Amino acid sequence: MADFRSDTVTQPSVAMKERMLSAALGDDVFNDDPTTLELQRYAADMLGFEAALFAPSGTQTNLIAMMSHCQRGDEAIVGQQWHTYKWEGGGMAVLGSIQPQPLELQSDGTLLLSDIAAAIKPDDPHFARTRLVVIENSVGGKVLPLQYMRDVAQLAKDKGLNCHIDGARLMNAAVALAPLHGLTPQLMARELCTGYDSVSLCLSKGLGCPVGSLLLGSNDFISRAKRVRKMLGGGMRQTGILAAAGLYALENNINRLADDHANCRRLADGLTILATQTPALQGQLSVLPVQTNILFTDISLALAERLLPYLADCGIRLTASNYQSTDGAIKRVRWVCHLDISSADIEQALQAVAKFAEQP
């Protein structure tokens, strides 16, 4: 089985499990679980924040952040495709009474600075009060550049707004950008966070933990966040078992994300060759540019009806959804590389597509 559905399907390694089994434990609601405290200190020091808070999921840490920055009736500026807006059940509105102001993404995954500025409401009782700008990095596998991140943070500061990063795959962005700036991925991640009031970092995606996410910010912000976490049911007890996995991941699994990126590029290159050189696939399959560990391929609906079940029978698991392109309806297929996808899995997938294309 080669499971490309998401980097959330990873299994903890033997070494990670050993750290979990030997973790020192306390009660995190009483703030005395030593391993959780160590994880929070480690992450805060790495990313340049005063404090951090461990929670069950990235959906919850994002919601905690928005509810800690905003009051009922306040507004948060988000992207149309941001996870916080589209993929988290409407939590900011349903549970936080926060009005989202969604903006259209550009082709590179950014929001135009002019669009952000134009969306900020005047101080007038007719409008919700704009309080927060949310940025996602990476977004759909695309990396937002360092200068852009700095520009958004400066814009928010100039307008008197707070700013939050949904950094579910922040480390993927950092690994991709680090060589361009001559930094380690860890220092690159810290630079990406500079100027932001909070960041959510998922531990259960490419970093390979079974559960968990971190919210980072100032001491005052995290103090407010703890109250919201408790209200949302995120106050757990002997969290050190899970926090130990997070510590192992931050110590050992950041640099290796480059392997996932390399595998994803190898997959993209192989599919591109097949799409351009195989008559059965020409004009039916196109490969979108890849920057990190996520690859999208667009295939015709007719091809999808035959190819996707064939790949499933070959043990290759994928996610796909209908998508309206300028050329009409297509199926957009997502391939996600992670620590449980090997070079052999990439070859298996390419061989399966090639064999499918050879069928009469």
# chains A, B, ... in the order shown; residues from 1 in each chain; ligands from 1

call {"tool": "select_by_dssp", "arguments": {"residues": "region 67-272 of chain A", "states": "strand (DSSP E or B)", "output": "ChimeraX atom specification"}}
result
/A:74-79,99-103,129-136,139,142,162-167,198-202,213-217

call {"tool": "select_by_dssp", "arguments": {"residues": "region 157-225 of chain A", "states": "alpha helix (DSSP H)", "output": "PyMOL selection string"}}
result
chain A and resi 157-158+170-181+185-193+219-225

call {"tool": "write_last_selection", "arguments": {"atoms": "N, CA and C atoms", "output": "PDB file, in the first residue's frame"}}
result
ATOM      1  N   LYS A 157       0.678  45.461  11.334  1.00  0.00           N
ATOM      2  CA  LYS A 157       1.150  46.343  12.405  1.00  0.00           C
ATOM      3  C   LYS A 157       0.782  47.794  12.105  1.00  0.00           C
ATOM      4  N   ASP A 158       0.987  48.225  10.855  1.00  0.00           N
ATOM      5  CA  ASP A 158       0.676  49.605  10.482  1.00  0.00           C
ATOM      6  C   ASP A 158      -0.809  49.917  10.649  1.00  0.00           C
ATOM      7  N   LEU A 170       4.313  24.655   8.153  1.00  0.00           N
ATOM      8  CA  LEU A 170       5.326  25.711   8.203  1.00  0.00           C
ATOM      9  C   LEU A 170       6.718  25.153   7.964  1.00  0.00           C
ATOM     10  N   MET A 171       7.002  23.978   8.515  1.00  0.00           N
ATOM     11  CA  MET A 171       8.336  23.413   8.370  1.00  0.00           C
ATOM     12  C   MET A 171       8.620  22.991   6.927  1.00  0.00           C
ATOM     13  N   ASN A 172       7.588  22.601   6.189  1.00  0.00           N
ATOM     14  CA  ASN A 172       7.788  22.327   4.765  1.00  0.00           C
ATOM     15  C   ASN A 172       8.192  23.599   4.033  1.00  0.00           C
ATOM     16  N   ALA A 173       7.515  24.707   4.365  1.00  0.00           N
ATOM     17  CA  ALA A 173       7.879  25.987   3.756  1.00  0.00           C
ATOM     18  C   ALA A 173       9.301  26.373   4.133  1.00  0.00           C
ATOM     19  N   ALA A 174       9.661  26.162   5.389  1.00  0.00           N
ATOM     20  CA  ALA A 174      10.999  26.527   5.857  1.00  0.00           C
ATOM     21  C   ALA A 174      12.069  25.700   5.161  1.00  0.00           C
ATOM     22  N   VAL A 175      11.831  24.407   4.994  1.00  0.00           N
ATOM     23  CA  VAL A 175      12.798  23.542   4.317  1.00  0.00           C
ATOM     24  C   VAL A 175      12.974  23.974   2.867  1.00  0.00           C
ATOM     25  N   ALA A 176      11.886  24.369   2.213  1.00  0.00           N
ATOM     26  CA  ALA A 176      11.966  24.801   0.819  1.00  0.00           C
ATOM     27  C   ALA A 176      12.713  26.123   0.670  1.00  0.00           C
ATOM     28  N   LEU A 177      12.531  27.038   1.621  1.00  0.00           N
ATOM     29  CA  LEU A 177      13.118  28.373   1.516  1.00  0.00           C
ATOM     30  C   LEU A 177      14.534  28.470   2.073  1.00  0.00           C
ATOM     31  N   ALA A 178      14.894  27.574   2.991  1.00  0.00           N
ATOM     32  CA  ALA A 178      16.164  27.692   3.706  1.00  0.00           C
ATOM     33  C   ALA A 178      17.378  27.815   2.784  1.00  0.00           C
ATOM     34  N   PRO A 179      17.506  26.994   1.729  1.00  0.00           N
ATOM     35  CA  PRO A 179      18.695  27.124   0.871  1.00  0.00           C
ATOM     36  C   PRO A 179      18.796  28.480   0.180  1.00  0.00           C
ATOM     37  N   LEU A 180      17.654  29.104  -0.098  1.00  0.00           N
ATOM     38  CA  LEU A 180      17.656  30.403  -0.774  1.00  0.00           C
ATOM     39  C   LEU A 180      18.211  31.509   0.117  1.00  0.00           C
ATOM     40  N   HIS A 181      18.135  31.309   1.428  1.00  0.00           N
ATOM     41  CA  HIS A 181      18.549  32.346   2.373  1.00  0.00           C
ATOM     42  C   HIS A 181      19.786  31.940   3.176  1.00  0.00           C
ATOM     43  N   PRO A 185      16.719  25.038   8.229  1.00  0.00           N
ATOM     44  CA  PRO A 185      15.243  25.087   8.245  1.00  0.00           C
ATOM     45  C   PRO A 185      14.683  25.666   9.539  1.00  0.00           C
ATOM     46  N   GLN A 186      15.337  25.357  10.662  1.00  0.00           N
ATOM     47  CA  GLN A 186      14.841  25.858  11.947  1.00  0.00           C
ATOM     48  C   GLN A 186      14.925  27.382  12.014  1.00  0.00           C
ATOM     49  N   LEU A 187      16.058  27.940  11.587  1.00  0.00           N
ATOM     50  CA  LEU A 187      16.193  29.401  11.582  1.00  0.00           C
ATOM     51  C   LEU A 187      15.290  30.034  10.534  1.00  0.00           C
ATOM     52  N   MET A 188      15.081  29.326   9.424  1.00  0.00           N
ATOM     53  CA  MET A 188      14.178  29.835   8.392  1.00  0.00           C
ATOM     54  C   MET A 188      12.754  29.913   8.933  1.00  0.00           C
ATOM     55  N   ALA A 189      12.331  28.904   9.650  1.00  0.00           N
ATOM     56  CA  ALA A 189      10.997  28.924  10.244  1.00  0.00           C
ATOM     57  C   ALA A 189      10.842  30.086  11.213  1.00  0.00           C
ATOM     58  N   ARG A 190      11.885  30.334  11.985  1.00  0.00           N
ATOM     59  CA  ARG A 190      11.862  31.460  12.928  1.00  0.00           C
ATOM     60  C   ARG A 190      11.724  32.782  12.184  1.00  0.00           C
ATOM     61  N   GLU A 191      12.439  32.931  11.069  1.00  0.00           N
ATOM     62  CA  GLU A 191      12.339  34.154  10.274  1.00  0.00           C
ATOM     63  C   GLU A 191      10.935  34.324   9.708  1.00  0.00           C
ATOM     64  N   LEU A 192      10.322  33.245   9.261  1.00  0.00           N
ATOM     65  CA  LEU A 192       8.969  33.324   8.702  1.00  0.00           C
ATOM     66  C   LEU A 192       7.960  33.790   9.746  1.00  0.00           C
ATOM     67  N   CYS A 193       8.228  33.506  11.009  1.00  0.00           N
ATOM     68  CA  CYS A 193       7.303  33.871  12.085  1.00  0.00           C
ATOM     69  C   CYS A 193       7.545  35.271  12.648  1.00  0.00           C
ATOM     70  N   ASN A 219       3.344  35.583  26.241  1.00  0.00           N
ATOM     71  CA  ASN A 219       2.848  35.010  27.495  1.00  0.00           C
ATOM     72  C   ASN A 219       1.388  35.389  27.732  1.00  0.00           C
ATOM     73  N   ASP A 220       1.034  36.646  27.500  1.00  0.00           N
ATOM     74  CA  ASP A 220      -0.345  37.086  27.711  1.00  0.00           C
ATOM     75  C   ASP A 220      -1.300  36.379  26.759  1.00  0.00           C
ATOM     76  N   PHE A 221      -0.879  36.243  25.503  1.00  0.00           N
ATOM     77  CA  PHE A 221      -1.722  35.577  24.507  1.00  0.00           C
ATOM     78  C   PHE A 221      -1.959  34.116  24.878  1.00  0.00           C
ATOM     79  N   ILE A 222      -0.914  33.402  25.269  1.00  0.00           N
ATOM     80  CA  ILE A 222      -1.060  31.995  25.627  1.00  0.00           C
ATOM     81  C   ILE A 222      -1.894  31.843  26.893  1.00  0.00           C
ATOM     82  N   SER A 223      -1.821  32.808  27.792  1.00  0.00           N
ATOM     83  CA  SER A 223      -2.674  32.778  28.986  1.00  0.00           C
ATOM     84  C   SER A 223      -4.150  32.827  28.587  1.00  0.00           C
ATOM     85  N   ARG A 224      -4.486  33.702  27.631  1.00  0.00           N
ATOM     86  CA  ARG A 224      -5.859  33.747  27.129  1.00  0.00           C
ATOM     87  C   ARG A 224      -6.204  32.462  26.378  1.00  0.00           C
ATOM     88  N   ALA A 225      -5.241  31.960  25.635  1.00  0.00           N
ATOM     89  CA  ALA A 225      -5.469  30.761  24.831  1.00  0.00           C
ATOM     90  C   ALA A 225      -5.775  29.546  25.711  1.00  0.00           C
TER      91      ALA A 225
END

call {"tool": "closest_residue", "arguments": {"among": "A:Arg332, A:His164, A:Arg265, A:Arg41", "to": "Ile135 (chain A)", "atoms": "only C-alpha atoms"}}
result
A:His164

call {"tool": "closest_residue", "arguments": {"among": "A:Arg334, A:Arg169, A:Lys86, A:Arg131", "to": "Leu144 (chain A)", "atoms": "only C-alpha atoms"}}
result
A:Arg169

call {"tool": "residues_around", "arguments": {"residues": "Asp108 (chain A)", "least_positions_apart": "4", "cutoff": "12 Å", "atoms": "only C-alpha atoms", "output": "mmCIF file with N, CA, C and O atoms, in the first residue's frame"}}
result
data_model
loop_
_atom_site.group_PDB
_atom_site.id
_atom_site.type_symbol
_atom_site.label_atom_id
_atom_site.label_comp_id
_atom_site.auth_asym_id
_atom_site.auth_seq_id
_atom_site.Cartn_x
_atom_site.Cartn_y
_atom_site.Cartn_z
ATOM 1 N N GLU A 104 -9.699 36.543 -2.387
ATOM 2 C CA GLU A 104 -9.281 35.618 -3.437
ATOM 3 C C GLU A 104 -7.761 35.449 -3.420
ATOM 4 O O GLU A 104 -7.012 36.422 -3.288
ATOM 5 N N LEU A 112 -3.157 39.556 -2.239
ATOM 6 C CA LEU A 112 -2.597 40.856 -2.587
ATOM 7 C C LEU A 112 -2.617 41.771 -1.357
ATOM 8 O O LEU A 112 -3.623 41.859 -0.651
ATOM 9 N N ASN A 137 0.878 29.206 5.485
ATOM 10 C CA ASN A 137 2.145 28.922 4.819
ATOM 11 C C ASN A 137 2.693 27.591 5.324
ATOM 12 O O ASN A 137 2.931 27.453 6.525
ATOM 13 N N SER A 138 2.857 26.605 4.431
ATOM 14 C CA SER A 138 2.532 26.613 3.016
ATOM 15 C C SER A 138 1.023 26.478 2.802
ATOM 16 O O SER A 138 0.299 26.111 3.718
ATOM 17 N N VAL A 139 0.577 26.760 1.553
ATOM 18 C CA VAL A 139 -0.833 26.660 1.222
ATOM 19 C C VAL A 139 -0.974 25.832 -0.046
ATOM 20 O O VAL A 139 -0.463 26.197 -1.094
ATOM 21 N N GLY A 140 -1.618 24.685 0.079
ATOM 22 C CA GLY A 140 -1.747 23.792 -1.062
ATOM 23 C C GLY A 140 -0.404 23.389 -1.629
ATOM 24 O O GLY A 140 -0.264 23.166 -2.831
ATOM 25 N N GLY A 141 0.598 23.289 -0.783
ATOM 26 C CA GLY A 141 1.940 22.935 -1.222
ATOM 27 C C GLY A 141 2.758 24.103 -1.722
ATOM 28 O O GLY A 141 3.960 23.954 -1.992
ATOM 29 N N LYS A 142 2.143 25.283 -1.862
ATOM 30 C CA LYS A 142 2.861 26.465 -2.334
ATOM 31 C C LYS A 142 3.486 27.207 -1.158
ATOM 32 O O LYS A 142 2.888 27.302 -0.084
ATOM 33 N N VAL A 143 4.666 27.750 -1.399
ATOM 34 C CA VAL A 143 5.418 28.432 -0.347
ATOM 35 C C VAL A 143 5.289 29.936 -0.516
ATOM 36 O O VAL A 143 5.539 30.474 -1.602
ATOM 37 N N LEU A 144 4.910 30.620 0.556
ATOM 38 C CA LEU A 144 4.868 32.082 0.541
ATOM 39 C C LEU A 144 6.240 32.612 0.925
ATOM 40 O O LEU A 144 6.782 32.227 1.966
ATOM 41 N N PRO A 145 6.831 33.492 0.102
ATOM 42 C CA PRO A 145 8.211 33.938 0.322
ATOM 43 C C PRO A 145 8.382 34.730 1.613
ATOM 44 O O PRO A 145 7.428 35.307 2.154
ATOM 45 N N TYR A 148 7.362 38.440 1.448
ATOM 46 C CA TYR A 148 5.902 38.588 1.490
ATOM 47 C C TYR A 148 5.396 38.443 2.925
ATOM 48 O O TYR A 148 4.545 39.232 3.368
ATOM 49 N N PRO A 289 2.890 22.541 -11.135
ATOM 50 C CA PRO A 289 4.213 22.740 -10.517
ATOM 51 C C PRO A 289 4.213 22.314 -9.048
ATOM 52 O O PRO A 289 3.209 22.449 -8.349
ATOM 53 N N VAL A 290 5.337 21.787 -8.598
ATOM 54 C CA VAL A 290 5.458 21.319 -7.217
ATOM 55 C C VAL A 290 6.581 22.082 -6.523
ATOM 56 O O VAL A 290 7.644 22.311 -7.112
ATOM 57 N N GLN A 291 6.338 22.490 -5.281
ATOM 58 C CA GLN A 291 7.343 23.215 -4.498
ATOM 59 C C GLN A 291 7.746 22.472 -3.234
ATOM 60 O O GLN A 291 8.878 22.626 -2.766
#

call {"tool": "closest_atom_pairs", "arguments": {"of": "region 185-222 of chain A", "to": "region 239-255 of chain A", "cutoff": "10 Å", "atoms": "only C-alpha atoms", "output": "JSON lines"}}
result
{"residue": "A:Pro185", "atom": "CA", "partner": "A:Asn255", "partner_atom": "CA", "distance": 6.8}
{"residue": "A:Gln186", "atom": "CA", "partner": "A:Ile254", "partner_atom": "CA", "distance": 7.8}
{"residue": "A:Cys202", "atom": "CA", "partner": "A:Gly246", "partner_atom": "CA", "distance": 9.4}
{"residue": "A:Leu203", "atom": "CA", "partner": "A:Gly246", "partner_atom": "CA", "distance": 6.1}
{"residue": "A:Ser204", "atom": "CA", "partner": "A:Gly246", "partner_atom": "CA", "distance": 8.5}
{"residue": "A:Gly206", "atom": "CA", "partner": "A:Asn253", "partner_atom": "CA", "distance": 8.1}
{"residue": "A:Leu207", "atom": "CA", "partner": "A:Asn253", "partner_atom": "CA", "distance": 5.5}
{"residue": "A:Gly208", "atom": "CA", "partner": "A:Ala249", "partner_atom": "CA", "distance": 6.7}
{"residue": "A:Cys209", "atom": "CA", "partner": "A:Ala245", "partner_atom": "CA", "distance": 5.7}
{"residue": "A:Pro210", "atom": "CA", "partner": "A:Leu242", "partner_atom": "CA", "distance": 7.7}
{"residue": "A:Val211", "atom": "CA", "partner": "A:Leu242", "partner_atom": "CA", "distance": 6.6}
{"residue": "A:Gly212", "atom": "CA", "partner": "A:Leu242", "partner_atom": "CA", "distance": 7.1}
{"residue": "A:Ser213", "atom": "CA", "partner": "A:Gly246", "partner_atom": "CA", "distance": 8.5}
{"residue": "A:Leu214", "atom": "CA", "partner": "A:Gly246", "partner_atom": "CA", "distance": 9.2}

call {"tool": "write_last_selection", "arguments": {"atoms": "C-alpha atoms", "output": "PDB file, in the first residue's frame"}}
result
ATOM      1  CA  PRO A 185      15.243  25.087   8.245  1.00  0.00           C
ATOM      2  CA  GLN A 186      14.841  25.858  11.947  1.00  0.00           C
ATOM      3  CA  CYS A 202       0.903  20.927  13.283  1.00  0.00           C
ATOM      4  CA  LEU A 203       2.921  17.993  14.587  1.00  0.00           C
ATOM      5  CA  SER A 204       0.830  15.231  12.998  1.00  0.00           C
ATOM      6  CA  GLY A 206       4.953  15.775   7.804  1.00  0.00           C
ATOM      7  CA  LEU A 207       6.586  15.792  11.227  1.00  0.00           C
ATOM      8  CA  GLY A 208       5.111  12.361  11.806  1.00  0.00           C
ATOM      9  CA  CYS A 209       3.401  12.530  15.208  1.00  0.00           C
ATOM     10  CA  PRO A 210       0.210  10.558  15.833  1.00  0.00           C
ATOM     11  CA  VAL A 211      -1.613  13.530  17.394  1.00  0.00           C
ATOM     12  CA  GLY A 212      -1.061  17.148  18.294  1.00  0.00           C
ATOM     13  CA  SER A 213      -0.496  20.754  17.354  1.00  0.00           C
ATOM     14  CA  LEU A 214       1.160  23.749  18.999  1.00  0.00           C
TER      15      LEU A 214
END

call {"tool": "closest_residue", "arguments": {"among": "A:Gly233, A:Pro102, A:Ala349, A:Gln324", "to": "Ala268 (chain A)", "atoms": "only C-alpha atoms"}}
result
A:Ala349

call {"tool": "closest_residue", "arguments": {"among": "A:Asp151, A:Glu358, A:Asp3, A:Asp260", "to": "Ile116 (chain A)", "atoms": "only C-alpha atoms"}}
result
A:Asp151

call {"tool": "atom_distance", "arguments": {"atom1": "CA of Ser57 (chain A)", "atom2": "CA of Gly91 (chain A)"}}
result
13.3 Å

call {"tool": "residues_around", "arguments": {"residues": "Gln154 (chain A)", "least_positions_apart": "3", "cutoff": "12 Å", "atoms": "only C-alpha atoms", "output": "count of residues only"}}
result
20

call {"tool": "residues_around", "arguments": {"residues": "Val78 (chain A)", "least_positions_apart": "2", "cutoff": "10 Å", "atoms": "only C-alpha atoms", "output": "JSON, numbers by chain"}}
result
{"A": [75, 76, 80, 81, 82, 83, 84, 85, 86, 100, 101, 102, 103, 104, 105, 111, 116, 132, 133, 134, 135, 136]}

call {"tool": "write_last_selection", "arguments": {"atoms": "C-alpha atoms", "output": "tab-separated table (two decimals), in the first residue's frame"}}
result
chain	number	residue	atom	x	y	z
A	75	GLU	CA	-13.64	40.21	11.85
A	76	ALA	CA	-10.71	38.15	10.58
A	80	GLN	CA	-10.82	31.86	0.15
A	81	GLN	CA	-8.82	28.62	0.22
A	82	TRP	CA	-7.33	29.02	3.70
A	83	HIS	CA	-7.86	26.00	5.92
A	84	THR	CA	-9.18	28.32	8.64
A	85	TYR	CA	-11.96	29.50	6.33
A	86	LYS	CA	-12.88	26.54	4.13
A	100	PRO	CA	-14.54	35.89	8.24
A	101	GLN	CA	-13.67	38.28	5.42
A	102	PRO	CA	-12.40	35.95	2.67
A	103	LEU	CA	-10.16	37.24	-0.13
A	104	GLU	CA	-9.28	35.62	-3.44
A	105	LEU	CA	-5.88	33.93	-3.63
A	111	LEU	CA	-3.23	37.51	-0.96
A	116	ILE	CA	-5.89	43.05	2.49
A	132	LEU	CA	-6.97	39.95	12.65
A	133	VAL	CA	-5.16	38.97	9.45
A	134	VAL	CA	-4.64	35.23	8.93
A	135	ILE	CA	-1.96	33.86	6.62
A	136	GLU	CA	-1.33	30.22	5.67

call {"tool": "closest_residue", "arguments": {"among": "A:Gln277, A:Arg317, A:Lys331, A:Ala153", "to": "Glu305 (chain A)", "atoms": "only C-alpha atoms"}}
result
A:Lys331

call {"tool": "atom_distance", "arguments": {"atom1": "CA of Arg266 (chain A)", "atom2": "CA of Asp340 (chain A)"}}
result
15.7 Å

call {"tool": "residues_around", "arguments": {"residues": "Ala52 (chain A)", "least_positions_apart": "6", "cutoff": "9 Å", "atoms": "only C-alpha atoms", "output": "JSON, numbers by chain"}}
result
{"A": [37, 39, 40, 41, 42, 43, 44, 214, 215, 216, 217, 218, 219, 222]}

call {"tool": "residues_around", "arguments": {"residues": "Cys314 (chain A)", "least_positions_apart": "2", "cutoff": "12 Å", "atoms": "only C-alpha atoms", "output": "count of residues only"}}
result
21

call {"tool": "closest_residue", "arguments": {"among": "A:Lys205, A:Val29, A:Asn322, A:Thr61", "to": "Pro12 (chain A)", "atoms": "only C-alpha atoms"}}
result
A:Lys205

call {"tool": "decode", "arguments": {"residues": "region 330-346 of chain A", "atoms": "N, CA, C and O atoms", "output": "CSV table (one decimal), in the first residue's frame"}}
result
chain,number,residue,atom,x,y,z
A,330,ILE,N,-12.8,19.0,-14.7
A,330,ILE,CA,-11.8,18.0,-14.6
A,330,ILE,C,-11.8,17.4,-13.2
A,330,ILE,O,-12.5,17.8,-12.3
A,331,LYS,N,-10.9,16.4,-13.0
A,331,LYS,CA,-10.7,15.8,-11.7
A,331,LYS,C,-9.3,16.2,-11.3
A,331,LYS,O,-8.3,16.0,-12.0
A,332,ARG,N,-9.3,16.9,-10.1
A,332,ARG,CA,-8.0,17.3,-9.6
A,332,ARG,C,-7.5,16.2,-8.5
A,332,ARG,O,-8.2,16.0,-7.5
A,333,VAL,N,-6.4,15.6,-8.8
A,333,VAL,CA,-5.9,14.5,-7.9
A,333,VAL,C,-4.7,15.1,-7.1
A,333,VAL,O,-3.8,15.7,-7.6
A,334,ARG,N,-4.8,14.8,-5.8
A,334,ARG,CA,-3.7,15.2,-4.9
A,334,ARG,C,-2.8,14.1,-4.4
A,334,ARG,O,-3.3,13.0,-4.0
A,335,TRP,N,-1.5,14.2,-4.6
A,335,TRP,CA,-0.5,13.3,-4.2
A,335,TRP,C,0.3,14.0,-3.1
A,335,TRP,O,0.9,15.0,-3.3
A,336,VAL,N,0.4,13.4,-1.9
A,336,VAL,CA,1.1,13.9,-0.8
A,336,VAL,C,2.2,13.0,-0.4
A,336,VAL,O,1.9,11.8,0.0
A,337,CYS,N,3.5,13.4,-0.4
A,337,CYS,CA,4.6,12.6,0.0
A,337,CYS,C,4.9,12.9,1.5
A,337,CYS,O,4.8,14.0,1.9
A,338,HIS,N,5.3,11.9,2.2
A,338,HIS,CA,5.6,12.0,3.6
A,338,HIS,C,6.6,10.9,4.0
A,338,HIS,O,7.1,10.1,3.2
A,339,LEU,N,6.8,10.8,5.3
A,339,LEU,CA,7.9,9.9,5.8
A,339,LEU,C,7.6,8.4,5.6
A,339,LEU,O,8.5,7.6,5.6
A,340,ASP,N,6.3,8.1,5.3
A,340,ASP,CA,6.0,6.7,5.0
A,340,ASP,C,5.9,6.4,3.5
A,340,ASP,O,5.4,5.4,3.1
A,341,ILE,N,6.2,7.4,2.7
A,341,ILE,CA,6.3,7.2,1.2
A,341,ILE,C,7.8,7.2,0.9
A,341,ILE,O,8.5,8.1,1.0
A,342,SER,N,8.2,6.0,0.3
A,342,SER,CA,9.6,5.8,0.0
A,342,SER,C,9.9,6.0,-1.5
A,342,SER,O,8.9,6.2,-2.3
A,343,SER,N,11.1,6.0,-1.9
A,343,SER,CA,11.5,6.1,-3.3
A,343,SER,C,10.8,4.9,-4.1
A,343,SER,O,10.4,5.1,-5.2
A,344,ALA,N,10.8,3.8,-3.4
A,344,ALA,CA,10.2,2.6,-4.0
A,344,ALA,C,8.7,2.8,-4.3
A,344,ALA,O,8.1,2.4,-5.3
A,345,ASP,N,8.0,3.5,-3.4
A,345,ASP,CA,6.6,3.8,-3.5
A,345,ASP,C,6.4,4.7,-4.7
A,345,ASP,O,5.4,4.6,-5.5
A,346,ILE,N,7.3,5.7,-4.9
A,346,ILE,CA,7.2,6.6,-6.1
A,346,ILE,C,7.4,5.8,-7.4
A,346,ILE,O,6.6,5.9,-8.3
